[in-house]
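Structure data follow from entry_10.cif (mmCIF, C-alpha atoms (C1' of nucleotides)):
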```
data_input
#
loop_
_atom_site.label_atom_id
_atom_site.label_comp_id
_atom_site.auth_asym_id
_atom_site.auth_seq_id
_atom_site.Cartn_x
_atom_site.Cartn_y
_atom_site.Cartn_z
CA MET A 264 0.15 -0.88 3.41
CA PRO A 265 3.13 -1.25 2.20
CA GLU A 266 3.71 1.25 -0.58
CA LEU A 267 6.25 0.82 -3.37
CA PRO A 268 9.41 0.97 -1.17
CA GLU A 269 8.06 -1.60 1.28
CA VAL A 270 6.94 -3.97 -1.47
CA GLU A 271 10.22 -3.47 -3.31
CA THR A 272 12.14 -4.36 -0.15
CA ILE A 273 10.12 -7.53 0.32
CA VAL A 274 10.44 -8.53 -3.34
CA LYS A 275 14.21 -8.15 -3.46
CA ARG A 276 14.63 -10.47 -0.51
CA LEU A 277 12.05 -12.98 -1.72
CA LYS A 278 13.68 -13.10 -5.13
CA SER A 279 17.06 -13.95 -3.69
CA GLU A 280 15.61 -16.54 -1.35
CA LEU A 281 12.86 -18.18 -3.37
CA VAL A 282 13.90 -18.53 -7.00
CA GLY A 283 14.44 -22.23 -7.66
CA GLU A 284 12.34 -23.28 -4.66
CA VAL A 285 9.56 -25.83 -5.05
CA ILE A 286 6.21 -25.54 -3.27
CA THR A 287 5.40 -28.63 -1.24
CA ARG A 288 2.18 -27.45 0.38
CA VAL A 289 -0.08 -24.44 0.68
CA GLU A 290 -2.09 -24.17 3.86
CA VAL A 291 -5.00 -21.73 3.84
CA LYS A 292 -6.11 -20.64 7.28
CA ARG A 293 -8.52 -17.98 6.08
CA ALA A 294 -10.41 -18.64 2.86
CA LYS A 295 -10.83 -14.98 1.94
CA SER A 296 -7.05 -14.52 1.82
CA PHE A 297 -6.38 -17.10 -0.91
CA GLN A 298 -7.93 -17.76 -4.30
CA GLY A 299 -6.66 -20.74 -6.21
CA ASN A 300 -6.17 -24.49 -6.11
CA THR A 301 -3.75 -25.51 -3.39
CA LYS A 302 -3.46 -29.09 -4.69
CA GLN A 303 -2.38 -27.86 -8.12
CA LEU A 304 0.35 -25.73 -6.60
CA LYS A 305 2.09 -28.69 -4.99
CA GLY A 306 5.32 -29.34 -6.91
CA ARG A 307 5.35 -26.04 -8.78
CA ARG A 308 8.71 -24.31 -9.04
CA ILE A 309 9.31 -20.60 -8.37
CA VAL A 310 11.07 -19.11 -11.39
CA ASP A 311 10.95 -15.39 -10.58
CA VAL A 312 9.74 -12.83 -8.05
CA SER A 313 9.01 -9.25 -9.13
CA ARG A 314 7.05 -6.13 -8.24
CA ARG A 315 4.58 -4.04 -10.24
CA ALA A 316 2.79 -1.13 -8.53
CA LYS A 317 2.25 -2.44 -4.98
CA LEU A 318 1.78 -6.02 -6.14
CA ILE A 319 4.14 -8.95 -5.72
CA LEU A 320 4.33 -11.41 -8.60
CA ILE A 321 5.69 -14.87 -7.88
CA LYS A 322 6.12 -16.55 -11.24
CA LEU A 323 5.87 -20.34 -11.21
CA ASN A 324 6.81 -22.85 -13.89
CA GLN A 325 3.08 -22.84 -14.56
CA ASP A 326 0.75 -20.04 -13.41
CA ASN A 327 1.65 -17.28 -10.97
CA LEU A 328 0.93 -16.20 -7.45
CA LEU A 329 -0.10 -12.55 -7.41
CA ILE A 330 -0.08 -10.96 -3.97
CA HIS A 331 -1.47 -7.68 -2.65
CA LEU A 332 -0.60 -6.85 0.95
CA LYS A 333 -3.12 -3.98 1.18
CA MET A 334 -2.91 -2.30 4.60
CA THR A 335 -1.51 -4.92 6.97
CA GLY A 336 -0.10 -7.80 4.94
CA GLN A 337 3.29 -9.28 5.80
CA LEU A 338 5.38 -11.96 4.11
CA ILE A 339 7.78 -13.52 6.60
CA LEU A 340 10.17 -16.28 5.59
CA ILE A 341 11.33 -18.75 8.21
CA ASN A 342 14.15 -21.20 7.69
CA ASP A 343 13.71 -24.37 9.73
CA HIS A 344 11.67 -22.48 12.28
CA LYS A 345 14.42 -19.96 12.79
CA ARG A 346 13.99 -16.43 11.60
CA LEU A 347 15.94 -15.72 8.46
CA GLY A 348 19.11 -13.82 9.20
CA GLY A 349 19.13 -14.62 12.90
CA GLY A 350 18.92 -11.88 15.48
CA HIS A 351 17.06 -12.11 18.72
CA PRO A 352 13.27 -12.24 18.94
CA SER A 353 11.71 -8.84 19.34
CA ALA A 354 8.53 -6.88 18.82
CA ASP A 355 9.52 -6.59 15.17
CA TRP A 356 6.78 -8.93 14.11
CA ILE A 357 3.37 -9.82 15.43
CA GLY A 358 3.91 -12.68 17.85
CA GLY A 359 5.31 -16.11 17.04
CA LEU A 360 4.47 -17.80 13.77
CA PRO A 361 1.99 -18.92 12.84
CA SER A 362 0.21 -16.14 14.70
CA SER A 363 -3.48 -15.33 15.01
CA HIS A 364 -2.94 -13.15 11.93
CA THR A 365 -1.42 -15.85 9.75
CA ARG A 366 -3.79 -16.39 6.81
CA VAL A 367 -1.76 -18.53 4.40
CA ILE A 368 1.35 -20.68 4.87
CA ILE A 369 3.49 -21.79 1.93
CA TYR A 370 5.84 -24.69 2.65
CA LEU A 371 8.91 -25.09 0.46
CA MET A 372 11.02 -28.10 -0.39
CA SER A 373 14.18 -26.70 1.26
CA GLY A 374 12.36 -26.48 4.59
CA GLN A 375 11.78 -22.75 4.38
CA VAL A 376 8.26 -21.61 5.22
CA LEU A 377 6.63 -18.43 3.93
CA TYR A 378 3.97 -16.93 6.20
CA PHE A 379 1.36 -14.52 4.86
CA ASN A 380 0.10 -12.58 7.86
CA ASP A 381 -2.64 -10.02 7.46
CA GLN A 382 -4.35 -8.52 10.48
CA ARG A 383 -7.20 -6.82 8.64
CA VAL A 384 -7.70 -9.46 5.92
CA PHE A 385 -7.87 -6.94 3.07
CA GLY A 386 -4.87 -8.48 1.32
CA TRP A 387 -4.86 -11.57 -0.89
CA ILE A 388 -2.87 -14.22 -2.70
CA ARG A 389 -4.28 -15.34 -6.03
CA GLN A 390 -3.24 -18.13 -8.32
CA MET A 391 -3.48 -16.66 -11.81
CA SER A 392 -2.56 -17.50 -15.39
CA ASP A 393 -0.07 -15.29 -17.24
CA GLN A 394 -2.94 -13.78 -19.18
CA ALA A 395 -4.96 -13.02 -16.04
CA VAL A 396 -1.92 -11.35 -14.50
CA ASP A 397 -1.41 -9.19 -17.58
CA GLN A 398 -5.05 -8.18 -17.44
CA GLU A 399 -4.85 -7.32 -13.77
CA LEU A 400 -1.69 -5.27 -14.12
CA ALA A 401 -2.86 -3.44 -17.23
CA GLN A 402 -5.13 -1.19 -15.21
CA TYR A 403 -2.19 0.51 -13.51
CA GLY A 404 -0.29 3.52 -14.76
CA PRO A 405 3.50 3.27 -14.92
CA ASP A 406 5.41 2.93 -11.65
CA ILE A 407 6.59 6.24 -10.23
CA ILE A 408 10.22 5.11 -10.60
CA ASN A 409 9.74 3.88 -14.18
CA VAL A 410 11.78 5.89 -16.70
CA ARG A 411 8.57 6.30 -18.70
CA VAL A 412 7.31 8.65 -16.00
CA THR A 413 8.88 11.88 -17.19
CA ALA A 414 7.90 15.35 -16.06
CA GLY A 415 6.17 15.73 -19.43
CA TYR A 416 4.09 12.60 -18.89
CA LEU A 417 3.09 13.58 -15.38
CA TYR A 418 2.33 17.16 -16.38
CA GLN A 419 0.05 15.96 -19.15
CA ARG A 420 -1.82 13.60 -16.84
CA LEU A 421 -2.19 16.28 -14.15
CA GLN A 422 -3.45 18.81 -16.68
CA ALA A 423 -6.49 16.63 -17.28
CA ARG A 424 -7.55 16.59 -13.63
CA SER A 425 -9.35 19.25 -11.66
CA SER A 426 -9.12 17.61 -8.24
CA ALA A 427 -6.45 18.22 -5.63
CA ILE A 428 -2.91 17.17 -6.54
CA LYS A 429 -2.72 14.92 -3.48
CA LEU A 430 -5.71 12.89 -4.62
CA VAL A 431 -4.53 12.58 -8.21
CA LEU A 432 -1.12 11.29 -7.08
CA LEU A 433 -2.92 8.56 -5.13
CA ASP A 434 -4.78 7.47 -8.30
CA SER A 435 -2.88 4.36 -9.43
CA ARG A 436 -4.17 4.77 -12.99
CA VAL A 437 -2.03 7.91 -13.24
CA VAL A 438 1.13 6.66 -11.51
CA ALA A 439 1.48 3.47 -9.50
CA GLY A 440 3.26 2.77 -6.25
CA LEU A 441 2.48 5.92 -4.30
CA GLY A 442 0.51 5.84 -1.06
CA ASN A 443 -0.29 8.27 1.69
CA ILE A 444 3.16 8.37 3.29
CA TYR A 445 5.22 9.12 0.21
CA VAL A 446 2.68 11.46 -1.37
CA CYS A 447 2.62 13.58 1.79
CA ASP A 448 6.41 13.63 2.09
CA GLY A 449 6.95 14.15 -1.65
CA LEU A 450 4.58 17.12 -1.80
CA PHE A 451 6.36 18.61 1.19
CA LEU A 452 9.80 18.16 -0.35
CA ALA A 453 8.54 19.79 -3.55
CA GLY A 454 6.93 22.67 -1.61
CA ILE A 455 3.51 22.08 -3.14
CA ASN A 456 0.20 22.57 -1.32
CA PRO A 457 -1.68 19.22 -1.30
CA GLN A 458 -4.93 21.09 -1.97
CA LYS A 459 -3.68 22.74 -5.14
CA LYS A 460 -5.68 21.67 -8.17
CA ALA A 461 -3.66 19.24 -10.24
CA LYS A 462 -4.23 21.16 -13.46
CA THR A 463 -2.79 24.36 -11.99
CA VAL A 464 0.60 22.84 -11.15
CA SER A 465 3.14 24.26 -13.62
CA LEU A 466 5.59 22.18 -15.62
CA SER A 467 8.51 23.41 -13.54
CA GLN A 468 6.62 22.49 -10.36
CA VAL A 469 5.83 19.05 -11.79
CA THR A 470 9.52 18.59 -12.57
CA LYS A 471 10.38 19.44 -9.00
CA LEU A 472 7.58 17.21 -7.71
CA LEU A 473 8.75 14.20 -9.69
CA THR A 474 12.29 14.63 -8.41
CA ALA A 475 10.96 14.96 -4.85
CA LEU A 476 8.78 11.85 -5.10
CA LYS A 477 11.65 9.79 -6.47
CA THR A 478 13.96 11.15 -3.78
CA VAL A 479 11.71 10.05 -0.93
CA ILE A 480 10.87 6.73 -2.61
CA ASN A 481 14.51 5.87 -3.26
CA ARG A 482 15.54 6.93 0.22
CA ALA A 483 12.84 4.68 1.68
CA ILE A 484 13.94 1.76 -0.50
CA LYS A 485 17.49 2.26 0.73
CA LEU A 486 16.24 2.13 4.33
CA GLY A 487 14.10 -0.97 3.79
CA GLY A 488 10.74 0.81 3.90
CA ALA A 489 8.76 2.55 6.62
CA SER A 490 7.49 0.44 9.52
CA ILE A 491 4.69 2.69 10.69
CA ASN A 492 2.42 0.01 11.98
CA THR A 493 2.50 -3.59 10.84
CA TYR A 494 4.91 -3.50 7.90
CA ARG A 495 7.90 -5.77 8.32
CA GLN A 496 10.64 -7.00 6.05
CA VAL A 497 10.91 -10.65 5.03
CA ASP A 498 13.18 -11.38 7.99
CA GLY A 499 10.62 -9.86 10.37
CA LEU A 500 12.67 -6.75 11.08
CA SER A 501 11.46 -3.18 10.75
CA GLY A 502 12.48 -0.79 8.00
CA GLY A 503 14.08 2.57 8.72
CA TYR A 504 12.20 5.31 6.85
CA GLN A 505 9.78 5.85 9.74
CA ASP A 506 12.65 7.61 11.50
CA GLU A 507 13.12 10.04 8.61
CA LEU A 508 9.53 11.01 7.85
CA LEU A 509 9.29 14.65 6.83
CA VAL A 510 5.62 15.38 7.56
CA TYR A 511 3.65 12.12 7.48
CA GLY A 512 2.35 11.24 10.94
CA ARG A 513 3.97 14.35 12.42
CA GLU A 514 0.93 16.47 13.29
CA ASP A 515 1.80 19.30 15.73
CA MET A 516 5.51 18.57 15.45
CA PRO A 517 7.85 21.20 14.00
CA CYS A 518 8.35 21.42 10.24
CA PRO A 519 11.85 20.17 9.39
CA GLN A 520 12.38 23.24 7.22
CA CYS A 521 10.81 26.20 9.01
CA GLY A 522 9.78 24.95 12.44
CA ALA A 523 6.09 25.78 12.02
CA LYS A 524 3.60 23.20 13.27
CA ILE A 525 2.82 20.38 10.85
CA GLU A 526 -0.93 20.26 10.28
CA ARG A 527 -3.34 17.46 9.44
CA PHE A 528 -6.63 17.48 7.55
CA LYS A 529 -8.74 15.03 5.58
CA GLN A 530 -8.65 14.56 1.82
CA GLY A 531 -10.65 11.76 0.28
CA GLY A 532 -11.29 10.41 3.75
CA ARG A 533 -7.58 10.12 4.55
CA SER A 534 -5.18 12.24 6.56
CA THR A 535 -2.96 14.71 4.75
CA PHE A 536 0.03 16.08 6.69
CA TRP A 537 1.61 19.33 5.54
CA CYS A 538 3.35 22.59 6.41
CA ARG A 539 1.35 25.63 5.36
CA GLN A 540 4.47 27.79 5.44
CA CYS A 541 6.55 25.65 3.11
CA GLN A 542 3.84 24.28 0.80
CA ARG A 543 2.10 26.81 -1.42
"C1'" DA B 164 -16.87 4.88 22.97
"C1'" DA B 165 -14.99 7.04 19.18
"C1'" DT B 166 -11.34 7.62 16.12
"C1'" DT B 167 -7.59 6.12 13.60
"C1'" DA B 168 -4.85 3.08 10.46
"C1'" DT B 169 0.66 2.05 4.81
"C1'" DG B 170 -5.23 0.32 0.19
"C1'" DT B 171 -8.73 -0.27 -3.11
"C1'" DT B 172 -13.39 -0.67 -4.98
"C1'" DG B 173 -17.93 0.61 -5.63
"C1'" DC B 174 -22.12 3.28 -4.97
"C1'" DG B 175 -25.06 7.18 -5.20
"C1'" DG B 176 -25.42 12.00 -5.90
"C1'" DT B 177 -24.03 16.35 -8.11
"C1'" DA C 166 -17.86 12.30 -17.83
"C1'" DA C 167 -15.72 13.90 -14.04
"C1'" DC C 168 -15.84 14.48 -9.51
"C1'" DC C 169 -17.12 14.04 -4.58
"C1'" DG C 170 -18.13 11.94 -0.14
"C1'" DC C 171 -18.95 7.88 1.99
"C1'" DA C 172 -19.25 2.95 2.97
"C1'" DA C 173 -17.33 -1.40 2.69
"C1'" DC C 174 -13.83 -4.93 3.63
"C1'" DA C 175 -11.97 -6.69 9.24
"C1'" DT C 176 -9.07 -5.92 13.14
"C1'" DA C 177 -6.56 -3.70 16.74
"C1'" DA C 178 -4.62 0.20 19.16
"C1'" DT C 179 -5.12 4.58 21.44
#
```
Re-express the file's structure as structure tokens.
Amino acid sequence: MPELPEVETIVKRLKSELVGEVITRVEVKRAKSFQGNTKQLKGRRIVDVSRRAKLILIKLNQDNLLIHLKMTGQLILINDHKRLGGGHPSADWIGGLPSSHTRVIIYLMSGQVLYFNDQRVFGWIRQMSDQAVDQELAQYGPDIINVRVTAGYLYQRLQARSSAIKLVLLDSRVVAGLGNIYVCDGLFLAGINPQKKAKTVSLSQVTKLLTALKTVINRAIKLGGASINTYRQVDGLSGGYQDELLVYGREDMPCPQCGAKIERFKQGGRSTFWCRQCQR
DNA sequence: AATTATGTTGCGGT
DNA sequence: AACCGCAACATAAT
């Protein structure tokens, strides 16, 4: 899934394209992917698009559409059946649209069409009231790039946890927006062993860790996210961070700092990539 | 055929 | 309570 940088990239583009648009029709091709009343949504105006954690919030003049892309969700916007921004067709998205992975199609008054593709069908679009949205979002800790996340805050939260630092960073109740890619790369950049118990990470290490996490996150935002597998930007093109990965997905390749082999092992059922020389 | 996959939730056991 | 491993969701690629 898209992690924070990928969702942020999508949201920025959607905001500039969709604010002021009016929904003319919502077509649900897979019931599990959409919860709401499609008839009610007809005629609703999009007043804002924003991101919180890894969620996309499309605010309407009444109600909201809250979207989670989970592992394989894509939001691709087509203008009059031409891909936004032009360019020639490529392998940058999964087939023509709608594709066999298209789960929901949102038609807009201007003629633009928003496709929600989701190969694995873990993602969803939900029509929700303001109150329901607040309730849903309240369970998340602050975003990793929120100014409220200071080294002091993070240190305090880590102190309370005896599990491995890698696993605690993936806990969205502590900080939101981080996923496997950026946690692996952030821990590498900070020189911290992913297996180190969270409560044993010193304040100066936490300071370094926070800087490292923000560095990789902001770099990835600048590059339009990491297209490892199915992630695509709103125009269907790939991001660029996949070409700058430090350790994620680089098992057996040389460490960018010391040249030792990057290793992989499982934590919480998921792959952790790291350099045992550089991360202590 | 088995393993892997950017996420999250929930269950049972310790 | 905190923590852990594992399964579940559903699909495709290697």
When the PyMOL selection byres ((chain A) within 9 of (chain C)) is applied to the file above, which residues end up in the set, as an MDAnalysis selection string? chainID A and resid 382:385 424:426 531:532
So that I can see what lies close to Gly449 of chain A, please list as a ChimeraX atom specification the residues with an atom at most 9 Å from it, counting only C-alpha atoms (C1' of nucleotides) and leaving out residues fewer than 5 positions away in the same chain. /A:444,454-455,472-480,509
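Those residues that approach Ser373 of chain A to within 12 Å, counting all atoms listed in the file, are Glu280, Leu281, Val282, Gly283, Glu284, Val285, Ile286, Thr287, Arg308, Leu340, Ile341, Asn342 and Asp343 of chain A; same-chain residues fewer than 6 positions away are not listed.
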Enumerate as a PyMOL selection string the residues belonging to chain B that approach chain A to within 9 Å, with all atoms listed in the file taken into account. chain B and resi 168-171
Just to confirm, what's the straight-line distance from atom CA of Leu329 of chain A to atom CA of Ala316 of chain A in Å (one decimal)?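 Pair atom CA of Leu329 of chain A / atom CA of Ala316 of chain A returns 11.8 Å.
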Using the incomplete input, complete segment 290-321 of chain A to the level of N, CA and C atoms; output as a CSV table (one decimal), in the frame of the given file.
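New file part25.csv:
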```csv
chain,number,residue,atom,x,y,z
A,290,GLU,N,-1.1,-24.0,2.8
A,290,GLU,CA,-2.1,-24.2,3.9
A,290,GLU,C,-2.9,-22.9,4.0
A,291,VAL,N,-4.2,-22.9,3.8
A,291,VAL,CA,-5.0,-21.7,3.8
A,291,VAL,C,-5.7,-21.7,5.2
A,292,LYS,N,-5.4,-20.7,6.0
A,292,LYS,CA,-6.1,-20.6,7.3
A,292,LYS,C,-7.3,-19.7,7.3
A,293,ARG,N,-7.4,-18.9,6.2
A,293,ARG,CA,-8.5,-18.0,6.1
A,293,ARG,C,-8.9,-17.9,4.6
A,294,ALA,N,-10.0,-18.5,4.3
A,294,ALA,CA,-10.4,-18.6,2.9
A,294,ALA,C,-10.4,-17.3,2.1
A,295,LYS,N,-10.8,-16.3,2.7
A,295,LYS,CA,-10.8,-15.0,1.9
A,295,LYS,C,-9.4,-14.5,1.5
A,296,SER,N,-8.4,-15.0,2.1
A,296,SER,CA,-7.0,-14.5,1.8
A,296,SER,C,-6.4,-15.2,0.6
A,297,PHE,N,-7.0,-16.3,0.2
A,297,PHE,CA,-6.4,-17.1,-0.9
A,297,PHE,C,-7.4,-17.5,-2.0
A,298,GLN,N,-7.1,-17.3,-3.2
A,298,GLN,CA,-7.9,-17.8,-4.3
A,298,GLN,C,-7.1,-18.6,-5.2
A,299,GLY,N,-7.4,-19.9,-5.3
A,299,GLY,CA,-6.7,-20.7,-6.2
A,299,GLY,C,-6.9,-22.2,-5.8
A,300,ASN,N,-6.1,-23.1,-6.4
A,300,ASN,CA,-6.2,-24.5,-6.1
A,300,ASN,C,-4.9,-25.0,-5.4
A,301,THR,N,-5.0,-25.2,-4.1
A,301,THR,CA,-3.8,-25.5,-3.4
A,301,THR,C,-3.1,-26.8,-3.9
A,302,LYS,N,-4.0,-27.8,-4.3
A,302,LYS,CA,-3.5,-29.1,-4.7
A,302,LYS,C,-2.6,-29.0,-6.0
A,303,GLN,N,-3.1,-28.1,-6.9
A,303,GLN,CA,-2.4,-27.9,-8.1
A,303,GLN,C,-1.0,-27.3,-7.9
A,304,LEU,N,-0.9,-26.5,-6.8
A,304,LEU,CA,0.4,-25.7,-6.6
A,304,LEU,C,1.5,-26.6,-6.1
A,305,LYS,N,1.1,-27.7,-5.5
A,305,LYS,CA,2.1,-28.7,-5.0
A,305,LYS,C,3.0,-29.1,-6.1
A,306,GLY,N,4.3,-28.9,-5.9
A,306,GLY,CA,5.3,-29.3,-6.9
A,306,GLY,C,5.7,-28.3,-7.9
A,307,ARG,N,5.0,-27.1,-7.9
A,307,ARG,CA,5.4,-26.0,-8.8
A,307,ARG,C,6.6,-25.4,-8.3
A,308,ARG,N,7.4,-24.9,-9.3
A,308,ARG,CA,8.7,-24.3,-9.0
A,308,ARG,C,8.6,-22.8,-9.2
A,309,ILE,N,9.3,-22.1,-8.3
A,309,ILE,CA,9.3,-20.6,-8.4
A,309,ILE,C,10.4,-20.2,-9.3
A,310,VAL,N,10.1,-19.5,-10.4
A,310,VAL,CA,11.1,-19.1,-11.4
A,310,VAL,C,11.5,-17.6,-11.3
A,311,ASP,N,10.6,-16.8,-10.7
A,311,ASP,CA,11.0,-15.4,-10.6
A,311,ASP,C,10.1,-14.7,-9.5
A,312,VAL,N,10.5,-13.6,-9.0
A,312,VAL,CA,9.7,-12.8,-8.0
A,312,VAL,C,10.0,-11.4,-8.5
A,313,SER,N,8.9,-10.6,-8.7
A,313,SER,CA,9.0,-9.2,-9.1
A,313,SER,C,7.9,-8.4,-8.5
A,314,ARG,N,8.0,-7.1,-8.7
A,314,ARG,CA,7.0,-6.1,-8.2
A,314,ARG,C,6.5,-5.3,-9.4
A,315,ARG,N,5.2,-5.0,-9.3
A,315,ARG,CA,4.6,-4.0,-10.2
A,315,ARG,C,3.6,-3.3,-9.4
A,316,ALA,N,3.6,-1.9,-9.4
A,316,ALA,CA,2.8,-1.1,-8.5
A,316,ALA,C,3.1,-1.6,-7.1
A,317,LYS,N,2.0,-1.9,-6.3
A,317,LYS,CA,2.2,-2.4,-5.0
A,317,LYS,C,2.0,-3.9,-4.9
A,318,LEU,N,2.1,-4.6,-6.1
A,318,LEU,CA,1.8,-6.0,-6.1
A,318,LEU,C,3.1,-6.8,-6.2
A,319,ILE,N,3.0,-8.0,-5.7
A,319,ILE,CA,4.1,-9.0,-5.7
A,319,ILE,C,3.7,-10.1,-6.7
A,320,LEU,N,4.6,-10.3,-7.6
A,320,LEU,CA,4.3,-11.4,-8.6
A,320,LEU,C,5.3,-12.5,-8.4
A,321,ILE,N,4.8,-13.7,-8.0
A,321,ILE,CA,5.7,-14.9,-7.9
A,321,ILE,C,5.4,-15.7,-9.1
```
